[in-house]
Structure formats: structure tokens, C-alpha cells
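S.K.: What follows is upload_37.csv, made up of CSV, C-alpha atoms:
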chain,number,residue,atom,x,y,z
Q,1,MET,CA,0.0,0.0,0.0
Q,2,LEU,CA,1.1,3.6,-0.6
Q,3,GLU,CA,2.8,5.5,2.2
Q,4,GLY,CA,1.0,8.5,3.7
Q,5,LEU,CA,-2.4,9.7,3.0
Q,6,LEU,CA,-4.2,9.1,-0.3
Q,7,PRO,CA,-5.4,12.0,-2.4
Q,8,ILE,CA,-8.9,13.4,-2.4
Q,9,GLY,CA,-11.1,11.5,-4.8
Q,10,SER,CA,-9.4,8.1,-4.2
Q,11,VAL,CA,-11.9,5.2,-4.2
Q,12,VAL,CA,-11.1,2.5,-1.7
Q,13,LEU,CA,-12.7,-0.6,-0.1
Q,14,LEU,CA,-12.5,-0.8,3.7
Q,15,LYS,CA,-11.8,-4.0,5.6
Q,16,ASN,CA,-14.9,-6.0,6.4
Q,17,SER,CA,-16.9,-3.9,3.9
Q,18,THR,CA,-18.6,-4.6,0.6
Q,19,LYS,CA,-19.3,-1.0,-0.4
Q,20,ARG,CA,-16.6,1.3,-1.9
Q,21,VAL,CA,-15.9,4.7,-0.4
Q,22,MET,CA,-14.5,7.9,-2.0
Q,23,ILE,CA,-12.2,10.1,0.1
Q,24,ILE,CA,-13.5,13.7,0.4
Q,25,GLY,CA,-11.4,15.0,3.3
Q,26,PHE,CA,-8.4,14.6,5.7
Q,27,CYS,CA,-7.7,14.7,9.4
Q,28,GLN,CA,-11.3,14.8,10.6
Q,29,LYS,CA,-12.1,15.1,14.3
Q,30,ASN,CA,-14.9,13.2,15.8
Q,31,ALA,CA,-17.0,15.8,17.5
Q,32,ASN,CA,-19.4,13.4,19.2
Q,33,LYS,CA,-16.9,12.2,21.9
Q,34,SER,CA,-15.4,14.1,24.8
Q,35,GLU,CA,-12.0,12.7,23.8
Q,36,VAL,CA,-10.7,14.2,20.6
Q,37,GLN,CA,-10.0,11.5,18.0
Q,38,LEU,CA,-8.4,12.4,14.7
Q,39,TRP,CA,-9.4,10.2,11.7
Q,40,ASP,CA,-7.2,10.1,8.6
Q,41,TYR,CA,-10.1,10.4,6.2
Q,42,ALA,CA,-13.7,11.4,5.6
Q,43,GLY,CA,-15.4,9.5,2.9
Q,44,ILE,CA,-18.7,9.0,1.1
Q,45,VAL,CA,-20.2,5.9,-0.6
Q,46,PHE,CA,-19.3,5.4,-4.2
Q,47,PRO,CA,-20.7,5.8,-6.7
Q,48,GLU,CA,-23.7,7.4,-5.0
Q,49,GLY,CA,-21.8,10.3,-3.5
Q,50,TYR,CA,-22.9,12.6,-0.7
Q,51,LEU,CA,-26.3,11.6,0.6
Q,52,ALA,CA,-26.5,13.3,4.0
Q,53,ALA,CA,-24.2,14.4,6.9
Q,54,ASP,CA,-24.9,11.2,8.8
Q,55,LYS,CA,-23.7,9.2,5.7
Q,56,VAL,CA,-20.1,10.6,5.9
Q,57,PHE,CA,-17.7,7.9,7.1
Q,58,LEU,CA,-14.6,8.6,9.2
Q,59,PHE,CA,-11.8,6.0,8.9
Q,60,ASN,CA,-8.0,5.5,9.2
Q,61,HIS,CA,-5.5,4.5,6.6
Q,62,GLU,CA,-4.9,1.1,8.1
Q,63,GLN,CA,-8.6,0.3,7.5
Q,64,VAL,CA,-8.1,0.5,3.7
Q,65,GLU,CA,-8.1,-3.0,2.3
Q,66,LYS,CA,-8.0,-2.2,-1.5
Q,67,ILE,CA,-7.4,0.9,-3.6
Q,68,TYR,CA,-9.6,1.1,-6.7
Q,69,ALA,CA,-8.6,4.5,-7.9
Q,70,LEU,CA,-6.2,7.3,-6.9
Q,71,GLY,CA,-7.5,10.8,-6.8
Q,72,TYR,CA,-6.1,13.6,-8.9
Q,73,GLN,CA,-2.4,14.4,-8.2
Q,74,ASP,CA,-0.4,17.4,-9.3
Q,75,GLU,CA,2.4,19.6,-7.8
Q,76,GLU,CA,0.0,21.4,-5.5
Q,77,GLN,CA,-1.4,18.1,-4.1
Q,78,PHE,CA,2.1,16.8,-3.5
Q,79,VAL,CA,3.0,19.8,-1.5
Q,80,PHE,CA,-0.3,19.6,0.5
Q,81,LYS,CA,0.3,15.8,1.0
Q,82,GLU,CA,3.6,16.4,2.6
Q,83,LYS,CA,2.1,19.0,5.0
Q,84,ILE,CA,-0.9,16.9,5.9
Q,85,ASP,CA,1.2,13.7,6.4
Q,86,ASN,CA,3.4,15.7,8.9
Q,87,ILE,CA,0.4,17.1,10.7
Q,88,ALA,CA,-1.2,13.6,11.1
Q,89,GLN,CA,2.0,12.1,12.3
Q,90,GLN,CA,2.6,14.9,14.8
Q,91,PHE,CA,-1.0,14.5,16.2
Q,92,ARG,CA,-0.5,10.8,16.7
Q,93,LYS,CA,2.8,11.3,18.6
Q,94,GLU,CA,1.0,13.8,20.9
Q,95,GLN,CA,-1.8,11.3,21.6
Q,96,ASN,CA,0.6,8.6,22.6
Take the structure in the file and give it back as C-alpha cells.
M.R.:
Amino acid sequence: MLEGLLPIGSVVLLKNSTKRVMIIGFCQKNANKSEVQLWDYAGIVFPEGYLAADKVFLFNHEQVEKIYALGYQDEEQFVFKEKIDNIAQQFRKEQN
């Protein structure tokens, strides 16, 4: 599997799942818990897309079983990826 976070628009299958998910965001905090938890990704079902706020899934990179498609990548995305990978790594260090 690729190192670091996948780009926006990537389509993946999560472990123990049968429905594909498209990544729409990074480093999402779970606001429903008193303890702050940072998730690597926010995703929506594919190919249906955004259905409602309660149909957005939060998941981590290690939950990805298979990558079906990588999202768009260009120089701007590569610079952003480096920054977001560092932020996620730093947050995990602080939580441990």
C-alpha cells in the first residue's frame, strides 16, 4: 500500500466492507466524543456520492483493504500531502 495519506477522490474498499468509499477529506475530528479523535479520512459511498451528513464515514489509513482509484495528483497536491502527512504524524505522537 502507498505510504502516507491518499489524495482526495481516491476510491477504496475498507476492511470488512462490501461498499466502496470515495475520500473527500483529511484529518477529521470526531465531534461526538469528549475525547478528541483524529481520523485520517472522511469518505462517502461510491458511486452514489454525498447523501447526508450522517452518511459521511470517518476512517483510518490502516482500515483500507484495497485501492480502486487514486484521486487527482499534481504539484499542489504533492506539497499539500507532505504537510498533511506531517500534521497527522505529529498529532499521533502527541496522543501517545
S.K.: Report as number ranges by chain all protein, DNA and RNA residues lying within 9 Å of range 71-75 of chain Q, evaluated on all atoms listed in the file, omitting residues in the same chain fewer than 2 positions from it.
M.R.: Q: 6-11, 22-23, 69, 77-80
S.K.: Near Arg92 in chain Q, within 12 Å and counting all atoms listed in the file, which residues show up once chain neighbours fewer than 4 positions away are dropped, as a list in words?
M.R.: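 Skipping anything fewer than 4 positions along the chain leaves Cys27, Val36, Gln37, Leu38, Trp39, Asp40, Asn60, Asp85, Asn86, Ile87, Ala88 and Asn96 of chain Q.
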S.K.: For a test of reading the model, state the distance in Å between CA of Leu51 in chain Q and CA of Glu76 in chain Q, rounded to one decimal.
M.R.: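 Those two atoms sit 28.7 Å apart.
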S.K.: What does the structure give for the distance between CA of Lys83 in chain Q and CA of Val64 in chain Q, in Å to one decimal?
M.R.: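 We find that CA of Lys83 in chain Q and CA of Val64 in chain Q lie 21.2 Å from each other.
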S.K.: My list of candidates is Q:Lys15, Q:Lys81, Q:Lys93, Q:Arg20. Which is closest to Glu48 in chain Q when distances are computed with only C-alpha atoms?
M.R.: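 Using only C-alpha atoms, Glu48 in chain Q sits closest to Q:Arg20.
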S.K.: So how far away is CA of Asn16 in chain Q from CA of Gln89 in chain Q, in Å?
M.R.: 25.5 Å
S.K.: Choose the residue, out of Q:Ile84, Q:Leu70, Q:Ile24, Q:Val12, that has the smallest atom-to-atom separation from Val56 in chain Q; count all atoms listed in the file.
M.R.: Q:Ile24
S.K.: Rank Q:Gly49, Q:Tyr41, Q:Glu94, Q:Gly25 by their smallest atom-to-atom distance to Gln63 in chain Q, using all atoms listed in the file, and report the top residue only.
M.R.: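 Result for the nearest residue to Gln63 in chain Q: Q:Tyr41.
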